[in-house]
Amino acid sequence: MLTEYPRFTPEMKKTHTILLPNMLPMHERLMEKVFKSYGYNVKLLTNDGRGVIENGQKFVHNDTCYPAMLVIGQFIDAIKNGGYDPDRVAVLITQTGGGCRASNYIHLLRKGLAKAGYPQVPVLSFNVSGLERDSGFSLTLPMLHRLLYAVLYGDLLMLLRNQTKPYEVNAGESEALCEKWVEKLTSEMEKKVNYRKIKENYRKVIEDFAKIELRKEERIRVGIVGEIFIKYSPLGNNDLENFLIQEGAEPVVPGLTDFCLYCVYNGIIDTELYGINKIKSFFSKIIMKLLLKKQKDVINAIKKNGKFRPNTPFDHTITLAGDYVGMGTKMGEGWLLTAEMIELSEDGVKNIVCAQPFGCLPNHIVGKGMMKPIKEKNPDVNIVAVDYDPSATRINQENRIKLMLANAKKSD
């Protein structure tokens with residue numbers, strides 16, 4: 001077991017490239033620019049393929065969850081084959097601070113790097129839970145403030161793309177518009193935050209997407225829920241969103257803002273259920289109020305345009321899981337995963353893919369475990385659990401989804 005490990009020192013800001021795993025490409029490109037504006041040379045990884053999985057299997061214990069294998073495998077594959085100098089590279093990983101294995105990835109990653117022959121590579125922790133306090137990487141309030149807008153912008157672009165790409169007359173127009181706005185917004189992320197300008201950007205982004213010429217076509221809407229990495233990452237879910245579009249469906253994906261709000265809200269729930277962390281609860285309520293307002297500003301901008309369906313406000317999402325699972329169920333995606341399935345059903349999205357990664361026990365409980373009670377109360381909902389793990393074949397995963405779509409078309 002590693003007792004000593006390399007620390008990221010303040011001096012390394014000038015000498016090291018920091019690698020970022022690829023979970024939400026649009027969101028993280030915006031985040032990448034925020035980090036760079038604070039002097040960190042961050043690089044979002046794009047390497048994929050069999051080498052990522054093989055390195056994950058080789059240098060991570062085979063009982064570890066699939067997202068951990070992918071994240072660690074992507075880092076090691078990038079250092080091996082991406083032309084990075086191991087003496088001038090560091091890796092950045094998120095820690096939620098909860099009971100999920102995600103909080104322990106950092107120790108697995110350090111061991112994996114050492115086994116792969118890179119014991120000198122520092123591992124940085126992105127967290128707001130006070131973990132890894134000896135790192136030279138620090139999250140300041142101004143940085144977190146800018147990162148919040150990267151999340152909000154990313155959610156907006158993801159929503160608009162998924163509501164236009166399946167119907168666009170001119171193939172590739174939605175992706176090109178996403179690229180245009182990511183480039184424009186990333187250049188602005190280096191500047192001082194101006195919220196009036198940000199809200200103006202919301203309006204302009206929505207108006208631009210509203211100009212895309214769309215076919216008048218009815219498509220089955222398919223929701224995507226599950227463990228956060230597999231839910232969002234094209235690497236983890238075999239590019240599920242694009243597969244659904246190719247199969248004649250419209251993907252519907254709840255935003256990352258909800259997960260951020262879920263993490264904050266759990267600090268309030270702890271006090272209500274157990275009478276603990278009262279100071280944390282006090283500050284969580286302040287943050288919650290701020291985040292809800294920011295989310296509703298995006299929702300109102302979408303409603304005002306009138307052409308697109310907005311996300312559900314989180315203060316309504318909170319009310320949805322209580323009849324199915326206790327609000328103290330907060331390992332991994334916890335009660336939020338169950339609530340998102342109910343939320344999708346309320347919004348008319350009756351077909352749902354629940355992405356089940358190998359080794360994620362919380363996800364199996366609040367995802368697959370809730371399928372039966374959800375269907376009992378909502379008989380028109382069609383949920384399919386799709387397993388993602390190193391041994392699962394893409395063709396089997398896609399065939400399960402095709403069968404769900406075939407059944408959905410019959411019932412229309």
# chains A, B, ... in the order shown; residues from 1 in each chain; ligands from 1
$ residues_around --residues "Thr329 (chain A)" --least-positions-apart "4" --cutoff "10 Å" --atoms "only C-alpha atoms" --output "list of chain:residue names"
A:Asn266, A:Val325, A:Glu333, A:Gly334, A:Trp335, A:Leu336, A:Pro362, A:Ile365, A:Val366
$ residues_around --residues "Arg146 (chain A)" --least-positions-apart "3" --cutoff "8 Å" --atoms "only C-alpha atoms" --output "ChimeraX atom specification"
/A:34,142-143,149-150,189,193
$ write_last_selection --atoms "N, CA and C atoms" --output "mmCIF file, in the first residue's frame"
data_model
loop_
_atom_site.group_PDB
_atom_site.id
_atom_site.type_symbol
_atom_site.label_atom_id
_atom_site.label_comp_id
_atom_site.auth_asym_id
_atom_site.auth_seq_id
_atom_site.Cartn_x
_atom_site.Cartn_y
_atom_site.Cartn_z
ATOM 1 N N VAL A 34 -11.802 27.653 -17.622
ATOM 2 C CA VAL A 34 -11.813 28.290 -16.313
ATOM 3 C C VAL A 34 -10.524 27.975 -15.572
ATOM 4 N N PRO A 142 -14.218 32.303 -6.219
ATOM 5 C CA PRO A 142 -14.359 32.854 -7.573
ATOM 6 C C PRO A 142 -14.251 31.784 -8.663
ATOM 7 N N MET A 143 -13.358 30.783 -8.457
ATOM 8 C CA MET A 143 -13.232 29.708 -9.448
ATOM 9 C C MET A 143 -14.502 28.866 -9.490
ATOM 10 N N TYR A 149 -21.138 28.437 -13.989
ATOM 11 C CA TYR A 149 -21.680 28.863 -15.282
ATOM 12 C C TYR A 149 -21.256 27.922 -16.400
ATOM 13 N N ALA A 150 -20.095 27.276 -16.244
ATOM 14 C CA ALA A 150 -19.706 26.255 -17.210
ATOM 15 C C ALA A 150 -20.709 25.103 -17.193
ATOM 16 N N MET A 189 -14.997 32.663 -20.748
ATOM 17 C CA MET A 189 -14.805 32.107 -19.409
ATOM 18 C C MET A 189 -13.534 32.631 -18.747
ATOM 19 N N VAL A 193 -16.750 37.499 -14.547
ATOM 20 C CA VAL A 193 -18.146 37.102 -14.703
ATOM 21 C C VAL A 193 -19.062 38.324 -14.713
#
$ residues_around --residues "Thr257 (chain A)" --least-positions-apart "4" --cutoff "9 Å" --atoms "only C-alpha atoms" --output "ChimeraX atom specification"
/A:148,151-152,155,261-262,291,295,314
$ closest_residue --among "A:Val91, A:Met26, A:Ala78, A:Leu292" --to "Arg161 (chain A)" --atoms "only C-alpha atoms"
A:Met26
$ closest_residue --among "A:Leu108, A:Lys296, A:Glu217, A:Lys184" --to "Asp63 (chain A)" --atoms "only C-alpha atoms"
A:Leu108
$ closest_residue --among "A:Tyr265, A:Leu361, A:Gln397, A:Leu144" --to "Ile318 (chain A)" --atoms "only C-alpha atoms"
A:Tyr265
$ residues_around --residues "region 116-123 of chain A" --least-positions-apart "5" --cutoff "12 Å" --atoms "only C-alpha atoms" --output "PDB file with C-alpha atoms, in the first residue's frame"
ATOM      1  CA  LEU A   2       1.287   3.491  -0.844  1.00  0.00           C
ATOM      2  CA  GLU A   4       3.909   8.305   0.436  1.00  0.00           C
ATOM      3  CA  TYR A   5       2.835   9.833  -2.832  1.00  0.00           C
ATOM      4  CA  PRO A   6       3.861  12.840  -4.914  1.00  0.00           C
ATOM      5  CA  ARG A   7       2.132  16.115  -4.068  1.00  0.00           C
ATOM      6  CA  PHE A   8       1.133  18.761  -6.570  1.00  0.00           C
ATOM      7  CA  THR A   9       2.995  21.871  -5.445  1.00  0.00           C
ATOM      8  CA  MET A  12       3.980  22.844 -10.668  1.00  0.00           C
ATOM      9  CA  LYS A  13       1.351  25.222 -12.069  1.00  0.00           C
ATOM     10  CA  HIS A  16       2.895  20.505 -15.379  1.00  0.00           C
ATOM     11  CA  THR A  17       0.026  19.631 -17.711  1.00  0.00           C
ATOM     12  CA  ILE A  18      -3.054  18.488 -15.759  1.00  0.00           C
ATOM     13  CA  LEU A  19      -5.109  15.773 -17.466  1.00  0.00           C
ATOM     14  CA  LEU A  20      -8.898  15.798 -17.087  1.00  0.00           C
ATOM     15  CA  ASN A  55      -5.187  -0.400 -19.057  1.00  0.00           C
ATOM     16  CA  GLY A  56      -8.037  -0.055 -16.577  1.00  0.00           C
ATOM     17  CA  GLN A  57      -8.327  -3.826 -16.215  1.00  0.00           C
ATOM     18  CA  LYS A  58      -4.577  -4.264 -15.944  1.00  0.00           C
ATOM     19  CA  PHE A  59      -3.874  -1.632 -13.294  1.00  0.00           C
ATOM     20  CA  VAL A  60      -7.124  -1.577 -11.273  1.00  0.00           C
ATOM     21  CA  ILE A  72      -7.943   5.327 -14.483  1.00  0.00           C
ATOM     22  CA  GLY A  73      -7.462   3.455 -17.751  1.00  0.00           C
ATOM     23  CA  PHE A  75      -5.257   8.447 -17.636  1.00  0.00           C
ATOM     24  CA  ILE A  76      -2.701   5.643 -17.975  1.00  0.00           C
ATOM     25  CA  ASP A  77      -3.389   5.158 -21.687  1.00  0.00           C
ATOM     26  CA  ALA A  78      -2.942   8.909 -22.260  1.00  0.00           C
ATOM     27  CA  ILE A  79       0.401   9.011 -20.427  1.00  0.00           C
ATOM     28  CA  LYS A  80       1.609   5.899 -22.257  1.00  0.00           C
ATOM     29  CA  TYR A  84       3.030  13.452 -22.282  1.00  0.00           C
ATOM     30  CA  ASP A  85       6.212  13.652 -20.203  1.00  0.00           C
ATOM     31  CA  PRO A  86       5.494  11.646 -17.002  1.00  0.00           C
ATOM     32  CA  ASP A  87       7.746  14.047 -15.100  1.00  0.00           C
ATOM     33  CA  ARG A  88       5.680  17.039 -16.181  1.00  0.00           C
ATOM     34  CA  VAL A  89       2.128  15.727 -15.999  1.00  0.00           C
ATOM     35  CA  ALA A  90      -0.509  15.466 -13.262  1.00  0.00           C
ATOM     36  CA  VAL A  91      -4.042  14.048 -13.260  1.00  0.00           C
ATOM     37  CA  LEU A  92      -7.239  15.562 -11.858  1.00  0.00           C
ATOM     38  CA  ILE A  93     -10.048  13.470 -10.407  1.00  0.00           C
ATOM     39  CA  THR A  94     -13.304  14.421  -8.679  1.00  0.00           C
ATOM     40  CA  GLN A  95     -14.253  13.320  -5.160  1.00  0.00           C
ATOM     41  CA  TYR A 105     -10.821   6.457  -6.807  1.00  0.00           C
ATOM     42  CA  ILE A 106      -7.918   8.692  -5.863  1.00  0.00           C
ATOM     43  CA  HIS A 107      -6.187   5.930  -3.892  1.00  0.00           C
ATOM     44  CA  LEU A 108      -6.835   3.390  -6.653  1.00  0.00           C
ATOM     45  CA  LEU A 109      -5.480   5.874  -9.190  1.00  0.00           C
ATOM     46  CA  ARG A 110      -2.258   6.440  -7.246  1.00  0.00           C
ATOM     47  CA  LYS A 111      -1.691   2.690  -6.938  1.00  0.00           C
ATOM     48  CA  GLU A 132      -6.723  16.072   0.143  1.00  0.00           C
ATOM     49  CA  ASP A 134      -2.138  18.938   1.292  1.00  0.00           C
ATOM     50  CA  SER A 135      -2.471  19.521  -2.455  1.00  0.00           C
ATOM     51  CA  GLY A 136      -1.150  22.633  -4.195  1.00  0.00           C
ATOM     52  CA  PHE A 137      -4.380  22.670  -6.204  1.00  0.00           C
TER      53      PHE A 137
END
$ residues_around --residues "Glu213 (chain A)" --least-positions-apart "2" --cutoff "8 Å" --atoms "only C-alpha atoms" --output "PyMOL selection string"
chain A and resi 168-170+211+215
$ write_last_selection --atoms "C-alpha atoms" --output "PDB file, in the first residue's frame"
ATOM      1  CA  GLU A 168     -32.427  18.738 -38.319  1.00  0.00           C
ATOM      2  CA  VAL A 169     -32.922  19.071 -42.074  1.00  0.00           C
ATOM      3  CA  ASN A 170     -29.235  19.851 -42.619  1.00  0.00           C
ATOM      4  CA  LYS A 211     -33.272  29.022 -36.303  1.00  0.00           C
ATOM      5  CA  ARG A 215     -38.411  18.171 -39.942  1.00  0.00           C
TER       6      ARG A 215
END
$ atom_distance --atom1 "CA of Leu70 (chain A)" --atom2 "CA of Ile53 (chain A)"
5.9 Å
$ residues_around --residues "Phe358 (chain A)" --least-positions-apart "5" --cutoff "8 Å" --atoms "only C-alpha atoms" --output "PyMOL selection string"
chain A and resi 65-66+387-389
$ residues_around --residues "Lys402 (chain A)" --least-positions-apart "5" --cutoff "9 Å" --atoms "only C-alpha atoms" --output "mmCIF file with N, CA and C atoms, in the first residue's frame"
data_model
loop_
_atom_site.group_PDB
_atom_site.id
_atom_site.type_symbol
_atom_site.label_atom_id
_atom_site.label_comp_id
_atom_site.auth_asym_id
_atom_site.auth_seq_id
_atom_site.Cartn_x
_atom_site.Cartn_y
_atom_site.Cartn_z
ATOM 1 N N LEU A 244 -29.097 6.464 -29.979
ATOM 2 C CA LEU A 244 -30.548 6.639 -29.921
ATOM 3 C C LEU A 244 -31.040 7.492 -31.093
ATOM 4 N N GLU A 247 -31.191 5.535 -34.188
ATOM 5 C CA GLU A 247 -32.283 4.554 -34.164
ATOM 6 C C GLU A 247 -33.660 5.218 -34.222
ATOM 7 N N GLN A 397 -25.739 -4.689 -25.775
ATOM 8 C CA GLN A 397 -26.321 -3.477 -25.181
ATOM 9 C C GLN A 397 -27.280 -2.815 -26.166
ATOM 10 N N ASN A 407 -40.731 -2.211 -28.934
ATOM 11 C CA ASN A 407 -41.934 -2.342 -28.092
ATOM 12 C C ASN A 407 -42.634 -0.997 -27.933
#
$ closest_residue --among "A:Phe209, A:Phe229, A:Tyr195, A:Phe283" --to "Gln163 (chain A)" --atoms "only C-alpha atoms"
A:Phe209
$ select_by_dssp --residues "region 10-181 of chain A" --states "alpha helix (DSSP H)" --output "number ranges by chain"
A: 25-37, 50-59, 66-81, 105-115, 141-164, 173-181
$ closest_residue --among "A:Ala171, A:Met370, A:Ala355, A:Val222" --to "Gly326 (chain A)" --atoms "only C-alpha atoms"
A:Met370
$ closest_residue --among "A:Lys330, A:Lys36, A:His145, A:Lys289" --to "Lys192 (chain A)" --atoms "only C-alpha atoms"
A:His145
$ atom_distance --atom1 "CA of Gly112 (chain A)" --atom2 "CA of Gly236 (chain A)"
19.2 Å
$ select_by_dssp --residues "region 246-412 of chain A" --states "strand (DSSP E)" --output "MDAnalysis selection string"
chainID A and resid 249:252 351:357 382:388
$ atom_distance --atom1 "CA of Ile268 (chain A)" --atom2 "CA of Met288 (chain A)"
9.3 Å
